[in-house]
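J.: My file is protein.txt. It has compact mmCIF, C-alpha atoms:
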# COMPACT_ATOMS: atom_id res chain seq x y z
CA MET Q 1 122.33 84.77 104.20
CA LEU Q 2 121.02 82.95 101.10
CA GLU Q 3 119.89 86.18 99.46
CA LYS Q 4 123.31 87.69 99.95
CA LEU Q 5 124.95 84.56 98.56
CA LEU Q 6 122.73 84.73 95.47
CA ALA Q 7 123.41 88.43 95.05
CA ASN Q 8 127.16 87.73 95.15
CA TYR Q 9 126.81 84.74 92.85
CA GLU Q 10 130.25 85.18 91.24
CA GLU Q 11 131.96 84.88 94.59
CA THR Q 12 129.72 82.01 95.69
CA ALA Q 13 130.57 80.15 92.48
CA ALA Q 14 134.27 80.82 93.09
CA ILE Q 15 134.02 79.41 96.63
CA ILE Q 16 132.17 76.29 95.45
CA LEU Q 17 134.70 75.74 92.66
CA PHE Q 18 137.55 76.17 95.14
CA SER Q 19 135.99 73.65 97.50
CA ILE Q 20 135.48 71.09 94.72
CA GLY Q 21 139.12 71.50 93.77
CA PHE Q 22 140.30 71.21 97.37
CA THR Q 23 138.21 68.10 97.97
CA THR Q 24 139.57 66.54 94.78
CA LEU Q 25 143.09 67.36 95.91
CA LEU Q 26 142.58 65.74 99.29
CA LEU Q 27 140.46 62.68 98.51
CA ASN Q 28 141.61 61.49 95.09
CA ARG Q 29 144.48 59.04 95.00
CA ASN Q 30 145.32 59.62 91.35
CA LEU Q 31 148.11 62.14 90.83
CA ILE Q 32 146.65 63.56 87.58
CA LYS Q 33 143.30 64.16 89.30
CA LYS Q 34 145.13 65.86 92.14
CA ILE Q 35 146.75 68.19 89.60
CA ILE Q 36 143.33 68.89 88.06
CA GLY Q 37 142.01 69.73 91.54
CA MET Q 38 144.89 72.13 92.07
CA ASP Q 39 144.15 73.85 88.73
CA MET Q 40 140.48 74.15 89.69
CA MET Q 41 141.51 75.90 92.89
CA ASP Q 42 143.63 78.31 90.83
CA SER Q 43 140.72 79.10 88.49
CA ALA Q 44 138.44 79.71 91.45
CA ILE Q 45 140.87 82.22 92.88
CA PHE Q 46 141.04 84.02 89.51
CA LEU Q 47 137.24 84.20 89.33
CA PHE Q 48 137.12 85.56 92.86
CA LEU Q 49 139.77 88.20 92.17
CA ALA Q 50 138.19 89.25 88.88
CA SER Q 51 134.82 89.69 90.57
CA GLN Q 52 136.48 91.90 93.18
CA GLY Q 53 137.66 94.36 90.54
CA PHE Q 54 134.30 94.82 88.86
CA ILE Q 55 132.37 98.02 89.50
CA GLU Q 56 128.90 98.28 88.08
CA GLY Q 57 128.36 100.55 85.08
CA LYS Q 58 132.01 101.50 84.60
CA GLU Q 59 134.36 101.19 81.66
CA PRO Q 60 137.35 98.80 81.43
CA PRO Q 61 140.57 100.54 82.53
CA ILE Q 62 141.69 101.60 79.06
CA LEU Q 63 141.56 105.37 78.91
CA ALA Q 64 139.16 106.71 76.31
CA GLU Q 65 139.37 110.18 74.87
CA GLY Q 66 137.47 112.73 76.90
CA ILE Q 67 136.72 110.46 79.84
CA THR Q 68 139.04 111.15 82.74
CA GLY Q 69 138.85 110.69 86.46
CA ALA Q 70 138.85 107.54 88.54
CA GLY Q 71 135.07 107.47 88.69
CA ALA Q 72 134.68 106.23 85.12
CA TYR Q 73 136.77 103.04 85.19
CA VAL Q 74 136.79 99.71 87.03
CA ASN Q 75 139.57 98.69 89.39
CA PRO Q 76 142.70 97.69 87.38
CA ILE Q 77 144.61 96.03 90.24
CA PRO Q 78 142.84 92.62 90.32
CA ALA Q 79 143.51 92.21 86.58
CA GLY Q 80 147.24 92.54 87.20
CA LEU Q 81 147.08 90.12 90.12
CA VAL Q 82 145.16 87.55 88.05
CA LEU Q 83 147.83 87.82 85.33
CA THR Q 84 150.55 87.00 87.86
CA GLY Q 85 148.44 84.15 89.18
CA ILE Q 86 147.87 82.61 85.76
CA VAL Q 87 151.58 82.60 84.97
CA VAL Q 88 152.49 80.95 88.26
CA SER Q 89 149.65 78.43 87.90
CA VAL Q 90 150.81 77.42 84.40
CA SER Q 91 154.38 76.96 85.62
CA VAL Q 92 153.35 74.95 88.66
CA SER Q 93 151.06 72.70 86.59
CA ALA Q 94 153.85 72.03 84.10
CA VAL Q 95 156.29 71.06 86.85
CA MET Q 96 153.70 68.88 88.59
CA MET Q 97 152.84 67.05 85.39
CA ALA Q 98 156.50 66.50 84.55
CA LEU Q 99 157.03 64.98 88.01
CA ALA Q 100 153.93 62.79 87.59
CA MET Q 101 155.25 61.56 84.22
CA ARG Q 102 158.60 60.66 85.74
CA LEU Q 103 156.90 58.80 88.60
CA TYR Q 104 154.74 56.89 86.11
CA HIS Q 105 157.73 55.93 83.97
CA ARG Q 106 159.53 54.56 87.02
CA TYR Q 107 156.73 52.86 88.95
CA ARG Q 108 154.04 52.30 86.26
CA THR Q 109 151.30 53.66 88.50
CA LEU Q 110 149.81 57.03 89.40
CA ASP Q 111 148.06 55.92 92.60
CA VAL Q 112 149.60 57.74 95.55
CA ASP Q 113 149.18 54.85 97.99
CA GLU Q 114 150.67 52.31 95.60
CA LEU Q 115 153.52 54.71 94.88
CA ILE Q 116 154.26 55.07 98.59
CA ALA Q 117 154.07 51.33 99.15
CA ILE Q 118 156.37 50.50 96.21
CA ALA Q 119 158.83 53.26 97.07
CA GLY Q 120 158.83 52.13 100.71
CA LYS Q 121 159.69 48.56 99.74
CA GLU Q 122 162.36 49.78 97.38
CA GLU Q 123 164.27 51.50 100.11
CA VAL Q 124 164.64 48.38 102.28
CA MET A 125 123.81 61.09 111.44
CA THR A 126 122.92 58.42 108.90
CA ILE A 127 124.94 60.21 106.24
CA TRP A 128 128.03 60.01 108.37
CA GLU A 129 127.48 56.33 109.09
CA ARG A 130 127.01 55.58 105.41
CA LEU A 131 130.08 57.61 104.53
CA ASN A 132 132.15 55.72 107.10
CA GLN A 133 130.89 52.42 105.77
CA GLN A 134 131.74 53.38 102.21
CA LEU A 135 135.20 54.50 103.19
CA GLU A 136 135.77 51.20 104.99
CA GLU A 137 134.68 49.19 101.97
CA LYS A 138 136.96 51.16 99.71
CA GLU A 139 139.88 50.67 102.04
CA ALA A 140 139.33 46.95 102.23
CA LEU A 141 139.45 46.83 98.44
CA LEU A 142 142.45 49.07 98.10
CA ASP A 143 144.59 47.60 100.84
CA GLY A 144 144.83 44.41 98.86
CA ALA A 145 145.16 40.82 99.82
CA MET A 146 148.12 41.30 102.11
CA ILE A 147 146.33 43.32 104.73
CA ALA A 148 143.07 41.45 104.31
CA SER A 149 144.72 38.12 105.08
CA GLN A 150 146.37 39.60 108.11
CA GLU A 151 143.07 40.88 109.41
CA ARG A 152 141.41 37.54 109.11
CA GLU A 153 144.22 35.56 110.65
CA PRO A 154 143.47 35.99 114.37
CA ASP A 155 139.95 34.53 113.90
CA ARG A 156 141.33 31.42 112.33
CA GLU A 157 143.94 30.89 115.00
CA SER A 158 141.33 29.77 117.54
CA ALA A 159 140.09 26.95 115.29
CA GLU A 160 143.56 25.49 114.89
CA SER A 161 144.07 21.93 113.73
CA PRO A 162 147.33 20.00 113.39
CA ALA A 163 147.02 19.89 109.59
CA ASP A 164 146.96 23.66 109.42
CA GLU A 165 150.04 24.01 111.61
CA GLN A 166 152.49 23.98 108.71
CA GLU A 167 150.45 26.46 106.69
CA ARG A 168 150.14 28.76 109.67
CA LEU A 169 153.88 28.79 110.22
CA GLU A 170 154.47 29.60 106.56
CA LYS A 171 152.01 32.46 106.74
CA GLU A 172 153.67 33.74 109.85
CA GLU A 173 157.01 33.68 108.08
CA ARG A 174 155.62 35.50 105.05
CA ARG A 175 153.96 38.10 107.23
CA ARG A 176 157.19 38.80 109.03
CA SER A 177 159.07 39.31 105.77
CA LEU A 178 156.32 41.57 104.44
CA GLN A 179 156.34 43.59 107.61
CA GLU A 180 160.05 44.02 107.28
CA LYS A 181 159.59 45.29 103.76
CA VAL A 182 157.08 47.96 104.66
CA VAL A 183 158.87 48.91 107.84
CA THR A 184 159.37 52.46 106.64
CA ARG A 185 155.62 53.01 106.53
CA GLY A 186 154.81 51.40 109.91
CA THR A 187 152.61 48.32 110.34
CA PRO A 188 149.64 47.92 107.95
CA ARG A 189 147.14 48.20 110.80
CA VAL A 190 148.43 51.65 111.71
CA ARG A 191 148.33 52.67 108.03
CA ARG A 192 144.74 51.54 107.68
CA SER A 193 143.34 53.41 110.66
CA GLY A 194 145.51 56.36 109.71
CA ARG A 195 143.98 56.47 106.27
CA ARG A 196 140.44 56.31 107.62
CA LEU A 197 141.28 59.14 109.96
CA TYR A 198 142.73 61.04 107.01
CA ASN A 199 139.61 60.55 104.87
CA VAL A 200 137.19 61.55 107.62
CA ALA A 201 139.34 64.50 108.62
CA SER A 202 139.63 65.76 105.05
CA VAL A 203 135.84 65.54 104.53
CA VAL A 204 135.28 67.41 107.78
CA LEU A 205 137.88 69.97 106.81
CA CYS A 206 136.30 70.52 103.37
CA VAL A 207 132.79 70.94 104.82
CA LEU A 208 134.08 73.33 107.48
CA MET A 209 135.97 75.30 104.87
CA ILE A 210 132.99 75.61 102.52
CA GLY A 211 130.80 76.78 105.40
CA MET A 212 133.36 79.29 106.60
CA PHE A 213 133.98 80.73 103.13
CA LEU A 214 130.28 80.94 102.26
CA TYR A 215 129.62 82.75 105.53
CA MET A 216 132.45 85.12 104.66
CA VAL A 217 131.04 85.75 101.16
CA SER A 218 127.62 86.51 102.62
CA GLU A 219 129.23 89.20 104.76
CA MET A 220 131.12 90.78 101.87
CA PRO A 221 129.93 93.86 99.99
CA ARG A 222 127.86 93.27 96.88
CA VAL A 223 129.80 92.60 93.63
CA GLY A 224 130.03 95.79 91.59
CA ASP A 225 129.47 98.03 94.57
CA PRO A 226 131.25 101.36 93.88
CA GLU A 227 131.61 101.88 97.65
CA ALA A 228 133.41 98.57 98.19
CA PRO A 229 136.67 98.88 100.17
CA THR A 230 138.65 97.45 97.24
CA SER A 231 138.11 100.62 95.19
CA ASN A 232 140.24 102.79 97.46
CA GLU A 233 142.96 105.35 96.81
CA VAL A 234 145.36 102.87 95.14
CA PRO A 235 143.35 102.21 91.94
CA ARG A 236 142.25 105.84 91.95
CA ARG A 237 145.87 106.94 91.89
CA TYR A 238 146.74 104.46 89.10
CA ILE A 239 143.88 105.67 86.91
CA GLU A 240 144.36 109.38 87.53
CA GLN A 241 148.16 109.55 87.24
CA GLY A 242 148.83 106.42 85.17
CA LEU A 243 148.75 108.04 81.76
CA GLU A 244 150.89 110.95 82.87
CA GLU A 245 153.50 108.80 84.65
CA THR A 246 153.75 105.75 82.38
CA GLY A 247 152.38 107.02 79.06
CA ALA A 248 150.27 103.87 78.59
CA VAL A 249 146.61 104.19 77.63
CA ASN A 250 145.96 100.70 78.96
CA ILE A 251 146.16 101.19 82.72
CA VAL A 252 146.66 97.49 83.45
CA THR A 253 149.72 97.33 81.17
CA GLY A 254 151.03 100.55 82.66
CA MET A 255 150.63 99.04 86.09
CA ILE A 256 152.25 95.65 85.49
CA LEU A 257 155.10 96.89 83.27
CA ASP A 258 155.92 100.17 84.96
CA TYR A 259 154.80 100.43 88.57
CA ARG A 260 155.16 96.70 89.13
CA ALA A 261 157.77 95.86 86.48
CA PHE A 262 159.96 94.02 88.97
CA ASP A 263 157.08 91.64 89.68
CA THR A 264 156.66 90.95 85.96
CA LEU A 265 160.38 90.21 85.64
CA GLY A 266 159.85 87.68 88.41
CA GLU A 267 156.94 86.14 86.49
CA SER A 268 159.06 85.76 83.36
CA THR A 269 161.78 84.16 85.45
CA VAL A 270 159.22 81.75 86.94
CA LEU A 271 158.26 80.67 83.40
CA PHE A 272 161.94 80.22 82.53
CA ALA A 273 162.53 78.20 85.70
CA ALA A 274 159.48 76.01 84.98
CA VAL A 275 160.79 75.20 81.50
CA MET A 276 164.21 74.42 82.97
CA VAL A 277 162.71 72.03 85.55
CA VAL A 278 160.58 70.28 82.93
CA LEU A 279 163.62 69.95 80.65
CA LEU A 280 165.63 68.54 83.53
CA LEU A 281 162.95 65.96 84.28
CA LEU A 282 161.78 64.93 80.82
CA ARG A 283 164.41 65.77 78.23
CA LEU A 284 166.00 62.82 76.48
CA ASP A 285 169.27 62.88 74.63
CA PRO A 286 168.45 62.41 70.91
CA GLU A 287 171.68 60.42 70.46
CA SER A 288 170.93 57.97 73.24
CA GLU A 289 169.63 54.43 72.92
CA LYS A 290 166.68 55.24 75.21
CA PHE A 291 165.48 58.03 72.93
CA SER A 292 165.52 55.92 69.78
CA SER A 293 163.84 52.99 71.52
CA LEU A 294 161.16 55.32 72.93
CA ALA A 295 160.61 56.88 69.50
CA ARG A 296 160.29 53.43 67.94
CA ASP A 297 157.90 52.40 70.68
CA LEU A 298 155.74 55.49 70.13
CA ARG A 299 155.50 54.80 66.41
CA THR A 300 154.93 51.04 66.50
CA ASN A 301 153.20 50.27 69.79
CA PRO A 302 149.38 50.33 69.38
CA GLY A 303 149.11 51.30 73.06
CA SER A 304 150.62 54.76 72.58
CA ASP A 305 148.74 57.84 71.46
CA THR A 306 151.26 58.64 68.74
CA PHE A 307 150.40 55.39 66.97
CA TYR A 308 146.94 56.69 66.07
CA GLU A 309 148.04 60.19 65.15
CA PRO A 310 147.43 60.89 61.46
CA LYS A 311 150.69 61.48 59.64
CA ASP A 312 150.74 64.20 56.99
CA ASP A 313 147.11 65.05 57.60
CA HIS A 314 146.16 67.09 54.52
CA ILE A 315 143.15 68.84 56.06
CA LEU A 316 145.23 69.94 59.03
CA GLN A 317 148.11 71.01 56.80
CA TYR A 318 145.92 73.15 54.50
CA THR A 319 144.19 74.70 57.51
CA ALA A 320 147.50 75.38 59.21
CA ARG A 321 148.92 76.95 56.06
CA PHE A 322 146.15 79.56 56.21
CA LEU A 323 145.77 79.84 59.97
CA CYS A 324 149.38 79.94 61.20
CA PRO A 325 150.29 83.29 59.57
CA VAL A 326 146.99 84.80 60.73
CA ILE A 327 147.51 83.60 64.30
CA TRP A 328 151.10 84.84 64.36
CA LEU A 329 150.06 88.19 62.92
CA LEU A 330 147.31 88.56 65.52
CA GLY A 331 149.76 87.62 68.26
CA ILE A 332 152.28 90.20 67.08
CA TYR A 333 149.51 92.81 66.89
CA VAL A 334 148.38 92.05 70.43
CA VAL A 335 151.98 92.26 71.72
CA LEU A 336 152.77 95.53 69.96
CA ASN A 337 149.49 97.18 71.00
CA GLY A 338 149.72 96.05 74.60
CA HIS A 339 149.93 99.62 75.89
CA LEU A 340 147.02 100.86 73.72
CA SER A 341 144.40 98.12 73.76
CA PRO A 342 143.54 94.99 75.76
CA GLY A 343 146.31 92.42 75.64
CA GLY A 344 150.04 92.62 75.99
CA GLY A 345 153.03 90.36 76.19
CA PHE A 346 151.35 87.49 77.99
CA SER A 347 148.24 87.13 75.84
CA GLY A 348 150.03 87.86 72.57
CA GLY A 349 152.85 85.50 73.47
CA THR A 350 150.36 82.74 74.19
CA LEU A 351 148.79 83.33 70.75
CA ILE A 352 152.16 83.05 68.99
CA GLY A 353 152.96 79.93 70.99
CA ALA A 354 149.59 78.40 70.04
CA GLY A 355 150.39 79.12 66.38
CA LEU A 356 153.71 77.30 66.78
CA VAL A 357 151.91 74.34 68.38
CA LEU A 358 149.47 74.23 65.43
CA HIS A 359 152.40 74.34 63.01
CA VAL A 360 154.19 71.46 64.69
CA SER A 361 150.99 69.40 64.88
CA ALA A 362 150.40 69.84 61.16
CA PHE A 363 153.89 69.60 59.69
CA GLY A 364 155.83 67.63 62.29
CA PHE A 365 158.99 68.41 64.20
CA SER A 366 161.32 68.19 61.20
CA ARG A 367 159.76 71.27 59.59
CA THR A 368 159.53 73.29 62.81
CA ARG A 369 163.10 72.44 63.76
CA LYS A 370 164.31 74.35 60.71
CA PHE A 371 163.56 77.61 62.46
CA PHE A 372 163.11 76.67 66.12
CA THR A 373 165.58 74.51 68.02
CA TYR A 374 166.71 74.38 71.60
CA ARG A 375 169.47 76.87 70.78
CA THR A 376 166.85 79.30 69.42
CA TYR A 377 164.92 78.94 72.66
CA GLN A 378 168.04 79.59 74.72
CA GLY A 379 169.01 82.62 72.67
CA ILE A 380 165.57 84.22 72.61
CA VAL A 381 164.69 83.68 76.26
CA VAL A 382 168.07 84.58 77.74
CA GLY A 383 168.30 87.61 75.47
CA ALA A 384 164.79 88.77 76.33
CA LEU A 385 165.30 88.31 80.07
CA LEU A 386 168.61 90.19 79.96
CA THR A 387 167.13 93.03 77.90
CA TYR A 388 164.24 93.31 80.33
CA ALA A 389 166.50 93.30 83.38
CA LEU A 390 169.02 95.78 81.96
CA SER A 391 166.43 98.26 80.69
CA LYS A 392 164.61 98.12 84.00
CA CYS A 393 167.94 98.55 85.84
CA TYR A 394 168.37 101.82 83.98
CA SER A 395 164.96 103.14 84.95
CA PHE A 396 165.36 102.02 88.56
CA TYR A 397 168.75 103.75 88.71
CA THR A 398 167.47 107.04 87.31
CA GLY A 399 164.28 106.86 89.37
CA ALA A 400 166.04 106.14 92.66
CA ASN A 401 168.52 108.98 92.17
CA GLY A 402 165.90 111.48 91.07
CA MET A 403 167.46 111.80 87.60
CA GLU A 404 165.63 112.56 84.41
CA SER A 405 165.25 109.46 82.21
CA ILE A 406 166.30 109.97 78.59
CA ILE A 407 163.53 107.69 77.34
CA PRO A 408 160.67 109.88 76.10
CA LEU A 409 157.11 108.95 76.99
CA GLY A 410 155.82 110.10 73.59
CA THR A 411 152.29 111.09 72.73
CA PRO A 412 149.69 108.88 74.38
CA GLY A 413 147.94 106.65 71.88
CA ALA A 414 150.83 106.43 69.40
CA ILE A 415 152.44 103.07 68.83
CA LEU A 416 155.90 104.37 69.76
CA SER A 417 154.98 105.80 73.11
CA SER A 418 154.96 105.01 76.82
CA GLY A 419 158.74 104.70 77.24
CA LEU A 420 160.04 101.22 77.98
CA ILE A 421 156.65 99.49 78.04
CA LEU A 422 156.69 98.55 74.34
CA LEU A 423 160.16 96.99 74.63
CA LEU A 424 159.24 95.12 77.81
CA ASN A 425 156.03 93.83 76.19
CA ILE A 426 158.03 92.44 73.27
CA CYS A 427 160.47 90.74 75.67
CA VAL A 428 157.64 89.19 77.69
CA GLY A 429 155.84 88.11 74.49
CA MET A 430 158.93 86.30 73.19
CA ILE A 431 159.49 84.53 76.52
CA VAL A 432 155.86 83.39 76.76
CA ALA A 433 155.68 82.21 73.13
CA CYS A 434 158.88 80.15 73.49
CA THR A 435 157.70 78.74 76.82
CA VAL A 436 154.36 77.57 75.43
CA TYR A 437 155.96 75.87 72.46
CA VAL A 438 158.84 74.29 74.38
CA LEU A 439 156.53 72.90 77.08
CA TYR A 440 154.36 71.31 74.36
CA ALA A 441 157.36 69.85 72.56
CA ILE A 442 158.91 68.36 75.69
CA PHE A 443 155.69 66.84 76.92
CA ARG A 444 154.96 65.33 73.53
CA LYS A 445 158.38 64.12 72.48
CA GLY A 446 160.89 64.64 75.25
CA GLU A 447 162.95 66.91 73.05
CA VAL A 448 162.69 70.40 71.59
The structure in this file should be written as structure tokens.

T.:
Amino acid sequence: MLEKLLANYEETAAIILFSIGFTTLLLNRNLIKKIIGMDMMDSAIFLFLASQGFIEGKEPPILAEGITGAGAYVNPIPAGLVLTGIVVSVSVSAVMMALAMRLYHRYRTLDVDELIAIAGKEEV
Amino acid sequence: MTIWERLNQQLEEKEALLDGAMIASQEREPDRESAESPADEQERLEKEERRRSLQEKVVTRGTPRVRRSGRRLYNVASVVLCVLMIGMFLYMVSEMPRVGDPEAPTSNEVPRRYIEQGLEETGAVNIVTGMILDYRAFDTLGESTVLFAAVMVVLLLLRLDPESEKFSSLARDLRTNPGSDTFYEPKDDHILQYTARFLCPVIWLLGIYVVLNGHLSPGGGFSGGTLIGAGLVLHVSAFGFSRTRKFFTYRTYQGIVVGALLTYALSKCYSFYTGANGMESIIPLGTPGAILSSGLILLLNICVGMIVACTVYVLYAIFRKGEV
């Protein structure tokens, strides 16, 4: 199993990065760190997808003169998917950070537990 | 086993710290009740009263004891979940085909079809651009709309009215309060200004090149638009908002983005209409490799580039100043 993991080191790195991001998201109480964890998960997915498209010894999918046929180029689909993913990730990060800023301006803290406690008291 | 015990202990210590004095005092109270003396009676009653009022305040979250055990359960469960997930994913990766394997199931008939027929059907030399702006153009319209929606949400949350009292007080606070980042920002930084004077045109030119050559070389609307947006951010960092506002205001943003989205949607409507009815499109595909080729892709790339550039700049401006 270890040899296979080392042979697929791009994917292994993507999985480890994803797990670090997920753990950060779950265990950190600071909202900004949670957002960073989420962005790490996004990057891991992009690395994983990009490694899926790679085919050894082939050209990037930009047609060169005289070289035709699918055998000469790498897979173009993961590149398009990663592009979509990056756009959505940027938008989601921007919205999350705007929400975190508003929460900080109102409650003067970014700690999730403190936020919940203060907001809970406020309602009563 | 020892690792788990240590982990549990650490989590407990952390919780005791984080829960604060309120919960800690409540925990200790039952022990003291047994050693009760008449002098402590008054104090005890007061504490009881305070506890009741505090409990009423946090009634929406349940009693503190429930919260505490719930949080420990949450921490342990999330660690277990993460470890399980890492193990499961690593096992899955070890079963996957080798990276770069030409026989991998991902290189099936779909990419083969894109590469073999892409040039003929879309006219784009860059297969990825041909794919995202022709075969999957509807998806890219959705992406541009997501960017637009993100800017709208951020504006809704963070935009301040420049006429309002809050805006002027915040601006004064940013300039005069030593606790804010803006206080330490160099004003009229000459090194930055000279660098920006040389770099901004170069960056914008490169961005425009990348946008216009999206169907011929690596790049396209998204990467070129990000470059132009980065140039705008450099300009505003060097010269300040008063200079940038001469050519880019909120109205400019509205005009550019709404115009670009409408152009994209309408031009794609036309090609969907002709394609669905089996009609011949009047837009020529041109000779592959020429700058004016590949039908609508050039126009769509320009639209996407403008949307992305405006989005990058507007997000920066709102986060930094609360106003475009």

J.: If we count all atoms listed in the file, which residues of chain Q reach to within 6 Å of chain A? Please list them as a list in words.

T.: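 Residues satisfying the distance criterion: Met1, Lys4, Leu5, Asn8, Phe54, Ile55, Glu56, Pro61, Ile62, Leu63, Gly69, Ala70, Asn75, Pro76, Ser91, Val95, Ala98, Gly120 and Lys121 of chain Q.
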
J.: Of the candidates Q:Glu114, Q:Asp39, Q:Glu3, Q:Glu10, which one gets nearest to Gly53 (chain Q) if we count all atoms listed in the file?

T.: Q:Glu10

J.: So, counting all atoms listed in the file, which residue among A:Leu356, A:Leu284, A:Leu330, A:Cys434 is closest to Ile380 (chain A)?

T.: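 Ranked by minimum distance to Ile380 (chain A), first place goes to A:Cys434.
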
J.: Report as JSON, numbers by chain all protein, DNA and RNA residues lying within 12 Å of Ile35 (chain Q), evaluated on only C-alpha atoms, omitting residues in the same chain fewer than 5 positions from it.

T.: {"Q": [21, 22, 23, 24, 25, 26, 28, 29, 30, 40, 41, 42, 89, 90, 92, 93, 94, 95, 96, 97, 98, 99, 100, 110]}

J.: Measure the distance from CA of Met101 (chain Q) to CA of Thr373 (chain A) in Å and round it to one decimal.

T.: 23.2 Å

J.: Could you jot down the CA of Gly348 (chain A) to CA of Thr387 (chain A) separation for me, Å, one decimal place?

T.: 18.6 Å

J.: What's the separation between CA of Gly71 (chain Q) and CA of Ser51 (chain Q), in Å to one decimal place?

T.: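 CA of Gly71 (chain Q) sits 17.9 Å away from CA of Ser51 (chain Q).
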